[in-house]
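To be precise, the following lines are start-v8.csv, and they hold CSV, C-alpha atoms and all ligand atoms.
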chain,number,residue,atom,x,y,z
A,52,MET,CA,8.2,111.4,95.0
A,53,ASN,CA,9.4,114.7,96.3
A,54,ASP,CA,10.4,116.6,93.2
A,55,ASN,CA,11.6,119.6,95.1
A,56,VAL,CA,15.2,120.5,95.6
A,57,ILE,CA,16.7,119.1,98.8
A,58,PRO,CA,18.8,121.7,100.7
A,59,VAL,CA,22.3,120.6,101.8
A,60,TYR,CA,24.2,122.2,104.6
A,61,VAL,CA,27.9,121.6,105.4
A,62,LEU,CA,29.0,121.7,109.0
A,63,SER,CA,32.6,122.6,109.0
A,64,GLY,CA,35.1,123.6,111.7
A,65,PHE,CA,38.2,122.3,113.3
A,66,LEU,CA,38.4,119.2,115.4
A,67,GLY,CA,36.5,119.5,118.7
A,68,SER,CA,35.0,122.9,117.9
A,69,GLY,CA,31.4,121.8,118.5
A,70,LYS,CA,30.0,120.5,115.2
A,71,THR,CA,28.4,117.3,116.6
A,72,THR,CA,26.9,119.4,119.4
A,73,LEU,CA,25.4,121.7,116.8
A,74,LEU,CA,24.2,118.7,114.7
A,75,ASN,CA,22.4,117.2,117.6
A,76,LEU,CA,20.6,120.5,118.2
A,77,LEU,CA,19.6,120.8,114.5
A,78,LEU,CA,18.3,117.2,114.5
A,79,ASP,CA,16.2,117.8,117.6
A,80,ASP,CA,14.8,120.9,116.0
A,81,ALA,CA,14.1,119.1,112.7
A,82,LYS,CA,12.1,116.5,114.6
A,83,GLU,CA,10.1,119.2,116.3
A,84,ARG,CA,9.3,120.7,112.9
A,85,GLY,CA,8.2,117.3,111.5
A,86,TRP,CA,11.0,117.3,108.9
A,87,LYS,CA,12.8,114.2,107.7
A,88,PRO,CA,16.5,114.9,107.9
A,89,ALA,CA,19.5,112.9,106.7
A,90,VAL,CA,23.1,113.1,107.7
A,91,LEU,CA,26.4,112.3,106.0
A,92,MET,CA,29.3,112.0,108.4
A,93,ASN,CA,32.9,111.7,107.8
A,94,GLU,CA,35.6,110.7,110.3
A,95,VAL,CA,39.3,110.5,109.8
A,96,GLY,CA,39.7,107.1,111.6
A,97,ASP,CA,38.1,103.8,110.7
A,98,ILE,CA,35.6,103.8,113.5
A,99,HIS,CA,33.0,106.5,114.0
A,100,ILE,CA,33.2,107.5,117.6
A,101,GLU,CA,30.3,109.9,117.7
A,102,GLY,CA,27.8,107.1,118.5
A,103,ALA,CA,25.9,109.7,120.5
A,104,VAL,CA,24.6,111.3,117.4
A,105,ALA,CA,23.3,108.1,115.8
A,106,ARG,CA,19.6,108.0,115.7
A,107,GLU,CA,17.4,105.3,114.5
A,108,ASP,CA,15.0,107.7,112.8
A,109,VAL,CA,17.6,109.6,110.8
A,110,PRO,CA,19.2,108.1,107.7
A,111,MET,CA,22.9,108.4,108.2
A,112,THR,CA,25.8,107.6,106.0
A,113,GLU,CA,29.3,107.4,107.3
A,114,LEU,CA,32.4,107.8,105.2
A,115,LEU,CA,35.2,106.3,107.2
A,116,GLY,CA,39.0,106.0,106.9
A,117,GLY,CA,39.6,109.2,105.1
A,118,CYS,CA,38.8,112.8,104.7
A,119,ILE,CA,35.9,113.6,102.4
A,120,CYS,CA,37.9,116.3,100.8
A,121,CYS,CA,40.6,114.1,99.4
A,122,SER,CA,40.8,110.3,99.3
A,123,SER,CA,37.1,109.6,99.4
A,124,ARG,CA,35.9,112.7,97.6
A,125,GLY,CA,34.1,110.9,94.8
A,126,ASP,CA,32.4,108.8,97.5
A,127,LEU,CA,30.9,111.9,99.1
A,128,GLY,CA,29.1,112.8,95.9
A,129,LEU,CA,28.0,109.2,95.4
A,130,GLU,CA,26.7,108.8,98.9
A,131,LEU,CA,24.9,112.1,98.8
A,132,VAL,CA,23.1,111.1,95.6
A,133,LYS,CA,22.2,107.8,97.2
A,134,LEU,CA,20.9,109.4,100.4
A,135,ALA,CA,18.8,111.9,98.4
A,136,GLN,CA,17.3,109.3,96.1
A,137,GLU,CA,16.7,106.5,98.6
A,138,HIS,CA,15.3,108.6,101.4
A,139,GLN,CA,14.0,111.8,99.8
A,140,PRO,CA,14.8,113.8,103.0
A,141,ASP,CA,13.7,117.4,103.6
A,142,VAL,CA,17.3,118.4,104.4
A,143,ILE,CA,20.8,116.9,104.4
A,144,TRP,CA,23.6,117.9,106.8
A,145,ILE,CA,27.2,116.9,106.1
A,146,GLU,CA,29.4,116.9,109.1
A,147,SER,CA,32.9,117.1,107.7
A,148,THR,CA,36.0,116.0,109.5
A,149,GLY,CA,37.7,118.8,111.3
A,150,ILE,CA,40.6,118.7,108.9
A,151,ALA,CA,38.6,119.0,105.7
A,152,GLN,CA,39.2,121.6,103.1
A,153,PRO,CA,35.9,123.3,102.6
A,154,PHE,CA,36.3,124.3,98.9
A,155,GLU,CA,36.9,120.6,98.0
A,156,ILE,CA,33.8,119.6,99.9
A,157,MET,CA,31.7,122.2,98.1
A,158,ASP,CA,33.1,120.9,94.8
A,159,SER,CA,31.8,117.4,95.5
A,160,VAL,CA,28.4,118.6,96.8
A,161,THR,CA,27.8,120.6,93.8
A,162,GLU,CA,29.0,117.7,91.6
A,163,ALA,CA,26.3,115.6,93.2
A,164,SER,CA,23.7,118.3,92.1
A,165,LEU,CA,24.2,117.0,88.6
A,166,TYR,CA,22.7,113.6,89.5
A,167,ALA,CA,20.2,114.4,92.2
A,168,LYS,CA,18.0,117.4,92.9
A,169,ILE,CA,20.0,118.8,95.8
A,170,GLU,CA,21.4,122.3,96.5
A,171,LEU,CA,24.2,123.5,98.7
A,172,ARG,CA,22.5,126.2,100.8
A,173,GLY,CA,25.1,127.0,103.4
A,174,VAL,CA,28.4,126.3,105.0
A,175,ILE,CA,28.2,126.6,108.7
A,176,THR,CA,31.7,126.8,110.3
A,177,VAL,CA,32.0,126.2,114.1
A,178,VAL,CA,34.9,128.0,115.6
A,179,ASP,CA,36.4,127.1,119.0
A,180,ALA,CA,36.9,130.6,120.5
A,181,ARG,CA,39.7,129.5,122.9
A,182,HIS,CA,41.5,127.5,120.3
A,183,LEU,CA,41.4,130.2,117.7
A,184,LEU,CA,42.6,132.7,120.2
A,185,ASP,CA,45.6,130.5,121.0
A,186,ARG,CA,46.3,130.1,117.3
A,187,LEU,CA,46.0,133.8,116.7
A,188,ARG,CA,48.7,134.4,119.2
A,189,ILE,CA,51.1,132.0,117.4
A,190,GLY,CA,49.8,133.5,114.1
A,191,SER,CA,51.1,130.8,111.7
A,192,GLY,CA,51.1,127.1,111.0
A,193,LYS,CA,49.0,124.5,109.2
A,194,THR,CA,46.2,124.4,111.6
A,195,PHE,CA,46.0,128.2,111.7
A,196,LYS,CA,45.8,128.3,107.9
A,197,LEU,CA,43.1,125.6,107.8
A,198,MET,CA,41.0,127.4,110.4
A,199,LYS,CA,41.3,130.6,108.5
A,200,GLU,CA,40.2,128.8,105.3
A,201,GLN,CA,37.2,127.2,107.0
A,202,ILE,CA,36.2,130.6,108.3
A,203,ARG,CA,36.7,132.4,105.0
A,204,VAL,CA,34.2,130.2,103.1
A,205,ALA,CA,31.5,130.1,105.7
A,206,SER,CA,28.0,131.5,105.1
A,207,HIS,CA,27.4,131.2,108.9
A,208,LEU,CA,30.0,131.4,111.6
A,209,VAL,CA,29.3,129.9,115.0
A,210,LEU,CA,31.8,131.3,117.5
A,211,ASN,CA,31.5,128.6,120.1
A,212,LYS,CA,32.9,128.0,123.6
A,213,ILE,CA,32.8,131.6,124.5
A,214,ASP,CA,32.5,130.4,128.1
A,215,LEU,CA,36.2,129.7,127.9
A,216,VAL,CA,37.4,133.2,126.9
A,217,ARG,CA,37.3,136.6,128.7
A,218,GLU,CA,35.2,139.4,127.3
A,219,GLU,CA,38.2,141.3,125.9
A,220,GLU,CA,39.5,138.1,124.4
A,221,LEU,CA,36.1,137.6,122.7
A,222,GLY,CA,36.4,141.0,121.1
A,223,GLU,CA,39.8,140.0,119.7
A,224,VAL,CA,38.5,136.7,118.1
A,225,GLU,CA,35.4,138.5,116.7
A,226,ALA,CA,37.7,141.1,115.1
A,227,ALA,CA,39.7,138.3,113.5
A,228,LEU,CA,36.5,136.7,112.2
A,229,SER,CA,35.1,139.8,110.6
A,230,ASP,CA,38.5,140.6,109.2
A,231,TRP,CA,38.6,137.2,107.4
A,232,ASN,CA,35.0,137.0,106.5
A,233,ALA,CA,32.9,140.2,106.9
A,234,HIS,CA,29.9,138.7,105.1
A,235,ALA,CA,29.1,135.7,107.1
A,236,LYS,CA,26.3,135.8,109.7
A,237,LEU,CA,27.9,135.5,113.1
A,238,ALA,CA,26.6,134.1,116.4
A,239,ALA,CA,28.6,133.8,119.6
A,240,THR,CA,27.6,130.7,121.5
A,241,VAL,CA,28.0,128.2,124.3
A,242,LYS,CA,27.4,124.6,123.3
A,243,SER,CA,26.7,125.7,119.8
A,244,ARG,CA,23.3,126.9,120.9
A,245,ILE,CA,21.9,128.8,117.9
A,246,GLU,CA,18.4,129.4,117.0
A,247,PRO,CA,18.0,127.1,113.9
A,248,ASP,CA,16.0,129.7,111.9
A,249,TRP,CA,19.2,131.7,111.9
A,250,VAL,CA,20.5,129.0,109.5
A,251,TYR,CA,17.2,128.4,107.6
A,252,ALA,CA,16.1,132.1,107.5
A,253,ASP,CA,15.8,132.2,103.7
A,254,TRP,CA,14.9,128.7,103.1
A,255,THR,CA,11.4,127.7,102.0
A,256,ASN,CA,10.5,124.3,103.3
A,257,PRO,CA,10.2,122.2,100.1
A,258,ASN,CA,7.3,120.2,101.4
A,259,THR,CA,5.1,123.0,102.7
A,260,ASN,CA,6.3,125.8,100.5
A,261,GLU,CA,6.1,128.0,103.5
A,262,LEU,CA,9.0,130.0,104.8
A,263,ALA,CA,10.3,128.0,107.7
A,264,ILE,CA,10.6,130.8,110.2
A,265,ARG,CA,9.8,130.1,113.8
A,266,SER,CA,11.2,132.4,116.5
A,267,ALA,CA,12.1,130.5,119.6
A,268,CYS,CA,13.3,133.7,121.1
A,269,ASN,CA,9.9,135.2,121.2
A,270,ASN,CA,9.6,137.2,124.4
A,271,ASP,CA,5.8,136.7,124.4
A,272,ASP,CA,6.3,133.1,125.0
A,273,PRO,CA,5.4,132.4,128.7
A,274,ASP,CA,8.0,129.6,128.8
A,275,HIS,CA,10.6,131.9,127.4
A,276,GLU,CA,13.8,132.3,129.4
A,277,HIS,CA,16.4,134.6,128.3
A,278,ASP,CA,19.2,132.1,128.6
A,279,ASP,CA,22.4,131.5,126.6
A,280,SER,CA,20.7,130.1,123.6
A,281,CYS,CA,18.7,133.2,123.1
A,282,ALA,CA,21.7,135.4,123.8
A,283,SER,CA,23.5,133.7,121.0
A,284,ALA,CA,20.6,133.7,118.6
A,285,PRO,CA,20.3,136.1,115.6
A,286,TYR,CA,17.9,138.2,117.5
A,287,SER,CA,20.5,139.2,120.1
A,288,PRO,CA,22.1,142.6,119.9
A,289,HIS,CA,25.3,141.0,118.9
A,290,ALA,CA,23.8,139.4,115.8
A,291,HIS,CA,21.7,142.5,115.0
A,292,HIS,CA,25.1,144.2,114.6
A,293,HIS,CA,25.5,142.0,111.6
A,294,ALA,CA,22.0,142.0,110.3
A,295,HIS,CA,22.5,145.0,108.1
A,296,GLU,CA,25.0,142.9,106.1
A,297,GLU,CA,22.5,140.2,105.4
A,298,ASN,CA,21.7,141.2,101.8
A,299,GLU,CA,25.3,141.5,101.0
A,300,ALA,CA,25.9,138.2,102.7
A,301,HIS,CA,23.6,136.5,100.2
A,302,ASP,CA,25.8,137.8,97.5
A,303,HIS,CA,29.0,136.6,99.1
A,304,VAL,CA,28.5,133.3,97.6
A,305,ASN,CA,30.3,130.1,98.0
A,306,ALA,CA,28.2,128.0,95.7
A,307,VAL,CA,25.2,128.5,93.5
A,308,THR,CA,23.1,125.6,92.2
A,309,HIS,CA,20.6,126.7,89.5
A,310,TYR,CA,18.1,124.3,88.0
A,311,LEU,CA,17.4,125.4,84.4
A,312,PRO,CA,13.9,125.8,83.1
A,313,GLY,CA,14.6,125.3,79.4
A,314,ALA,CA,17.1,125.4,76.6
A,315,ALA,CA,19.5,128.2,75.6
A,316,ASP,CA,21.4,129.2,72.5
A,317,SER,CA,24.7,127.5,72.6
A,318,HIS,CA,26.7,130.5,71.4
A,319,ALA,CA,25.1,132.8,73.9
A,320,PHE,CA,25.9,130.3,76.7
A,321,GLU,CA,29.5,130.1,75.7
A,322,ALA,CA,29.7,133.8,75.6
A,323,PHE,CA,28.2,133.9,79.1
A,324,LEU,CA,30.8,131.5,80.4
A,325,LYS,CA,33.6,133.7,78.9
A,326,ARG,CA,32.2,136.7,80.7
A,327,LEU,CA,32.0,135.0,84.1
A,328,PRO,CA,33.6,137.2,86.8
A,329,ASP,CA,37.0,136.3,88.1
A,330,GLY,CA,35.5,135.3,91.4
A,331,VAL,CA,34.0,132.2,89.8
A,332,TYR,CA,36.6,129.5,90.1
A,333,ARG,CA,34.6,126.6,89.0
A,334,ALA,CA,31.3,125.9,87.2
A,335,LYS,CA,29.8,122.7,85.8
A,336,GLY,CA,26.4,121.5,84.8
A,337,ILE,CA,24.1,119.7,82.4
A,338,VAL,CA,22.5,121.9,79.7
A,339,ARG,CA,20.4,121.7,76.6
A,340,PHE,CA,20.5,124.0,73.6
A,341,HIS,CA,18.0,125.0,70.9
A,342,ASP,CA,20.6,124.6,68.2
A,343,THR,CA,22.1,121.2,69.1
A,344,ALA,CA,20.7,117.7,69.2
A,345,ASN,CA,22.5,116.5,72.3
A,346,ARG,CA,22.5,117.6,75.9
A,347,TYR,CA,25.9,118.6,77.2
A,348,LEU,CA,27.9,118.3,80.3
A,349,PHE,CA,29.9,121.5,80.6
A,350,GLN,CA,33.0,122.2,82.8
A,351,TYR,CA,34.5,125.5,83.6
A,352,ALA,CA,37.7,126.0,85.6
A,353,TYR,CA,39.7,129.2,85.8
A,354,LYS,CA,38.4,130.6,82.4
A,355,GLU,CA,38.8,127.3,80.5
A,356,THR,CA,35.6,125.6,79.2
A,357,ASP,CA,34.9,122.1,78.1
A,358,PHE,CA,31.7,120.6,76.6
A,359,LEU,CA,30.9,116.9,76.4
A,360,PRO,CA,27.8,115.6,74.5
A,361,ILE,CA,25.8,113.2,76.7
A,362,THR,CA,22.9,110.9,76.4
A,363,PRO,CA,21.9,110.1,80.0
A,364,GLN,CA,20.5,106.6,80.6
A,365,LYS,CA,18.7,107.8,83.7
A,366,THR,CA,16.7,111.0,84.5
A,367,VAL,CA,19.1,113.9,85.1
A,368,HIS,CA,18.1,117.5,85.5
A,369,ASP,CA,19.3,120.4,83.6
A,370,VAL,CA,21.4,122.4,86.1
A,371,ALA,CA,24.3,124.7,86.4
A,372,VAL,CA,26.5,125.1,89.5
A,373,PHE,CA,29.1,127.8,90.3
A,374,ILE,CA,31.7,128.0,93.0
A,375,GLY,CA,33.7,131.0,94.0
A,376,GLU,CA,33.6,134.1,96.0
A,377,GLY,CA,32.7,137.8,95.8
A,378,PHE,CA,30.3,137.6,92.9
A,379,SER,CA,26.6,138.4,92.8
A,380,LYS,CA,24.4,135.3,93.1
A,381,THR,CA,21.3,137.3,92.1
A,382,GLU,CA,22.9,138.6,89.0
A,383,LEU,CA,24.2,135.2,88.0
A,384,ARG,CA,20.7,133.6,88.5
A,385,LYS,CA,19.1,136.4,86.5
A,386,GLN,CA,21.5,135.9,83.6
A,387,LEU,CA,20.8,132.2,83.6
A,388,ASP,CA,17.1,132.7,83.6
A,389,ASP,CA,17.4,135.1,80.7
A,390,LEU,CA,19.5,132.6,78.7
A,391,PHE,CA,17.5,129.5,79.6
A,392,GLU,CA,14.0,130.8,79.2
A,393,ALA,CA,11.3,128.1,79.8
A,394,GLN,CA,9.6,126.8,76.7
A,395,ASP,CA,5.8,126.3,76.6
B,401,LIG,N1,33.4,124.5,127.5
B,401,LIG,C1,32.7,124.2,126.4
B,401,LIG,N2,32.7,123.0,125.9
B,401,LIG,C2,32.0,122.7,124.7
B,401,LIG,C3,31.2,123.7,124.1
B,401,LIG,N3,30.6,123.2,123.0
B,401,LIG,C4,31.0,121.9,123.0
B,401,LIG,N4,31.8,121.6,124.0
B,401,LIG,C5,32.5,120.3,124.3
B,401,LIG,O1,33.6,120.2,123.3
B,401,LIG,C6,33.8,118.8,123.0
B,401,LIG,C7,33.8,118.6,121.5
B,401,LIG,O2,32.5,118.9,121.0
B,401,LIG,P1,31.9,118.2,119.6
B,401,LIG,O3,30.5,118.8,119.4
B,401,LIG,O4,32.0,116.8,119.7
B,401,LIG,O5,32.9,118.8,118.6
B,401,LIG,P2,33.2,118.3,117.1
B,401,LIG,O6,33.5,119.6,116.3
B,401,LIG,O7,32.1,117.5,116.6
B,401,LIG,O8,34.5,117.4,117.3
B,401,LIG,P3,35.1,116.4,116.1
B,401,LIG,O9,34.1,115.4,115.7
B,401,LIG,O10,36.3,115.9,116.9
B,401,LIG,O11,35.6,117.3,115.0
B,401,LIG,C8,32.7,118.1,123.7
B,401,LIG,O12,33.2,117.5,124.9
B,401,LIG,C9,31.6,119.1,124.0
B,401,LIG,O13,30.8,118.8,125.1
B,401,LIG,C10,31.2,125.0,124.7
B,401,LIG,O14,30.5,126.0,124.3
B,401,LIG,N5,31.9,125.2,125.8

What does the file become when written as structure tokens?
Amino acid sequence: MNDNVIPVYVLSGFLGSGKTTLLNLLLDDAKERGWKPAVLMNEVGDIHIEGAVAREDVPMTELLGGCICCSSRGDLGLELVKLAQEHQPDVIWIESTGIAQPFEIMDSVTEASLYAKIELRGVITVVDARHLLDRLRIGSGKTFKLMKEQIRVASHLVLNKIDLVREEELGEVEAALSDWNAHAKLAATVKSRIEPDWVYADWTNPNTNELAIRSACNNDDPDHEHDDSCASAPYSPHAHHHAHEENEAHDHVNAVTHYLPGAADSHAFEAFLKRLPDGVYRAKGIVRFHDTANRYLFQYAYKETDFLPITPQKTVHDVAVFIGEGFSKTELRKQLDDLFEAQD
């Protein structure tokens, strides 16, 4: 059994922005790398119309008839756990419906981390450049608000369909994106053509333990053509512009999943929760303490904490997850490691 943590990526973005196009590209790439991917899809209607993406070799779960962020939210977590346990994939992508609220999805993904060894590694939001431009000009409305929210929580922004806007218009949309989310990595694309390492750059492949970096935009490659896909890759001048923000970007966290190596002192842990920065909206996890007999399920929401003693019937891992923005992921992990020191 693969005992490593399975990375989960959420593909977000408004209806028709290019998420499925991106997913297809990522699946092709995964195949080339010899990875075993799995996909969780969600459609608003009752019938999934993206048959094009269905592949026999990729485990795929569909949540139909609702939006994963509301009616079938519990199902998302359950299905995710099932996918992880049954297939032990190397990576899971969740393609969310174009009208999903990203914070809610993150909440259910991190919830699933309590039951299976998975970790939310990124939220990739695909933005239709033309559509956003039109919405910017109107400047209000439900759709505009939702697009803004999806952009705000992204770790990666794919500004797609740039073939449909003029150069000066592109500048206008880019300015809006960096205004709403200065920390996300940004790539401007046609047909969502990114270089996948741009997404995986800091991900160590769980099966090989090697950093999964492969530069397809290598100019030494005799087959290399400097086409759109390379122009939109992180190695392009455009993306270099954002490269200096990369360290910061890691600290602009949407969600942190931290598997705990040992037990902590219960009072020290409570004090740690009380001291959590304001940017942490939500935390939960399964923890063990030196000074108590039980393991505990803890919940934290807007400064309120709750501990429930548990006796799991099945194997569950000790883990703590945090959702919020503008707090330091590195600092949080360090504090947790200090608290939950591994026992020999
Ligand atoms: N002109 C243009 N069309 C594009 C581009 N990228 C994708 N499309 C087209 O836009 C349409 C929607 O793309 P999808 O990838 O299905 O978008 P989606 O976000 O998965 O759509 P939903 O599932 O409805 O949310 C398709 O017809 C694509 O071929 C692009 O860069 N430029």

Please, which residues in chain A fall within 9 Å of ligand LIG 401 (chain B) when counting all atoms listed in the file, and what is the closest atom pair and distance in Å to one decimal for each, ordered by chain then residue number, as a Markdown table?
| residue | atom | partner | partner_atom | distance |
| --- | --- | --- | --- | --- |
| A:Leu62 | CA | B:LIG401 | O6 | 8.8 |
| A:Ser63 | CA | B:LIG401 | O6 | 7.9 |
| A:Gly64 | CA | B:LIG401 | O6 | 6.3 |
| A:Phe65 | CA | B:LIG401 | O11 | 5.9 |
| A:Leu66 | CA | B:LIG401 | O11 | 3.4 |
| A:Gly67 | CA | B:LIG401 | O8 | 3.2 |
| A:Ser68 | CA | B:LIG401 | O6 | 4.0 |
| A:Gly69 | CA | B:LIG401 | O3 | 3.3 |
| A:Lys70 | CA | B:LIG401 | O6 | 3.8 |
| A:Thr71 | CA | B:LIG401 | O7 | 3.7 |
| A:Thr72 | CA | B:LIG401 | O3 | 3.6 |
| A:Leu73 | CA | B:LIG401 | O3 | 6.4 |
| A:Leu74 | CA | B:LIG401 | O3 | 7.9 |
| A:Asn75 | CA | B:LIG401 | O3 | 8.5 |
| A:Asn93 | CA | B:LIG401 | O9 | 8.8 |
| A:Glu94 | CA | B:LIG401 | O9 | 7.3 |
| A:Ile100 | CA | B:LIG401 | O9 | 8.2 |
| A:Glu101 | CA | B:LIG401 | O9 | 7.0 |
| A:Glu146 | CA | B:LIG401 | O7 | 8.0 |
| A:Ser147 | CA | B:LIG401 | O11 | 7.8 |
| A:Thr148 | CA | B:LIG401 | O11 | 5.7 |
| A:Gly149 | CA | B:LIG401 | O11 | 4.5 |
| A:Ile150 | CA | B:LIG401 | O11 | 8.0 |
| A:Val177 | CA | B:LIG401 | O6 | 7.1 |
| A:Val178 | CA | B:LIG401 | O6 | 8.5 |
| A:Asp179 | CA | B:LIG401 | C10 | 8.0 |
| A:Ala180 | CA | B:LIG401 | O14 | 8.7 |
| A:Leu210 | CA | B:LIG401 | O14 | 8.7 |
| A:Asn211 | CA | B:LIG401 | O14 | 5.0 |
| A:Lys212 | CA | B:LIG401 | O14 | 3.2 |
| A:Ile213 | CA | B:LIG401 | O14 | 6.1 |
| A:Asp214 | CA | B:LIG401 | N5 | 5.7 |
| A:Leu215 | CA | B:LIG401 | N1 | 5.9 |
| A:Thr240 | CA | B:LIG401 | O14 | 6.2 |
| A:Val241 | CA | B:LIG401 | O14 | 3.3 |
| A:Lys242 | CA | B:LIG401 | N3 | 3.5 |
| A:Ser243 | CA | B:LIG401 | N3 | 5.6 |
| A:Arg244 | CA | B:LIG401 | O14 | 8.0 |

Quick one: write out the picked residues with C-alpha atoms as a compact mmCIF listing (two decimals), keeping the file's coordinate frame?
# COMPACT_ATOMS: atom_id res chain seq x y z
CA LEU A 62 29.00 121.70 109.00
CA SER A 63 32.60 122.60 109.00
CA GLY A 64 35.10 123.60 111.70
CA PHE A 65 38.20 122.30 113.30
CA LEU A 66 38.40 119.20 115.40
CA GLY A 67 36.50 119.50 118.70
CA SER A 68 35.00 122.90 117.90
CA GLY A 69 31.40 121.80 118.50
CA LYS A 70 30.00 120.50 115.20
CA THR A 71 28.40 117.30 116.60
CA THR A 72 26.90 119.40 119.40
CA LEU A 73 25.40 121.70 116.80
CA LEU A 74 24.20 118.70 114.70
CA ASN A 75 22.40 117.20 117.60
CA ASN A 93 32.90 111.70 107.80
CA GLU A 94 35.60 110.70 110.30
CA ILE A 100 33.20 107.50 117.60
CA GLU A 101 30.30 109.90 117.70
CA GLU A 146 29.40 116.90 109.10
CA SER A 147 32.90 117.10 107.70
CA THR A 148 36.00 116.00 109.50
CA GLY A 149 37.70 118.80 111.30
CA ILE A 150 40.60 118.70 108.90
CA VAL A 177 32.00 126.20 114.10
CA VAL A 178 34.90 128.00 115.60
CA ASP A 179 36.40 127.10 119.00
CA ALA A 180 36.90 130.60 120.50
CA LEU A 210 31.80 131.30 117.50
CA ASN A 211 31.50 128.60 120.10
CA LYS A 212 32.90 128.00 123.60
CA ILE A 213 32.80 131.60 124.50
CA ASP A 214 32.50 130.40 128.10
CA LEU A 215 36.20 129.70 127.90
CA THR A 240 27.60 130.70 121.50
CA VAL A 241 28.00 128.20 124.30
CA LYS A 242 27.40 124.60 123.30
CA SER A 243 26.70 125.70 119.80
CA ARG A 244 23.30 126.90 120.90

Skip region 203-206 of chain A itself and residues of its chain fewer than 6 positions away, then list as number ranges by chain all residues within 10 Å of it, counting all atoms listed in the file.
A: 61-64, 152-154, 157, 172-177, 197, 228-237, 250, 300-301, 303-306, 375-376

Of A:Gln139, A:Asn55, A:Thr308, A:Ser191, the one sitting nearest Thr161 (chain A) when using only C-alpha atoms is A:Thr308

Which is closest to Val367 (chain A) among A:Lys196, A:Lys325, A:Arg346, A:Lys385, if we use only C-alpha atoms?
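Going through A:Lys196, A:Lys325, A:Arg346, A:Lys385 one by one, the smallest distance to Val367 (chain A) is for A:Arg346.
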
Atom-to-atom span, CA of Ala81 (chain A) and CA of Pro110 (chain A), Å
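Taking CA of Ala81 (chain A) and CA of Pro110 (chain A), their separation equals 13.1 Å.
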
Could you list, as a PyMOL selection string, every residue within 6 Å of Gly128 (chain A), counting only C-alpha atoms and ignoring same-chain residues fewer than 3 positions away?
chain A and resi 125+131+159-160+163

Select, from A:Ala239, A:Met92, A:Ile57, A:Leu76, the residue with the minimum atom-to-atom distance to Val132 (chain A), counting all atoms listed in the file.
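For Val132 (chain A), the nearest of the candidates is A:Ile57.
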
Would you compute the distance between CA of Tyr332 (chain A) and CA of Ile169 (chain A)? Give it in Å to one decimal.
20.6 Å

For Phe373 (chain A), which residue out of A:Ile337, A:Val331, A:Leu390, A:Ala238 is the nearest one, using all atoms listed in the file?
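Looking only at the distances to Phe373 (chain A), the closest residue turns out to be A:Val331.
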
Which is closer to Gly313 (chain A) than all the others in A:Tyr166, A:Phe195, A:Phe391, A:Trp249, using all atoms listed in the file?
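Closest candidate: A:Phe391.
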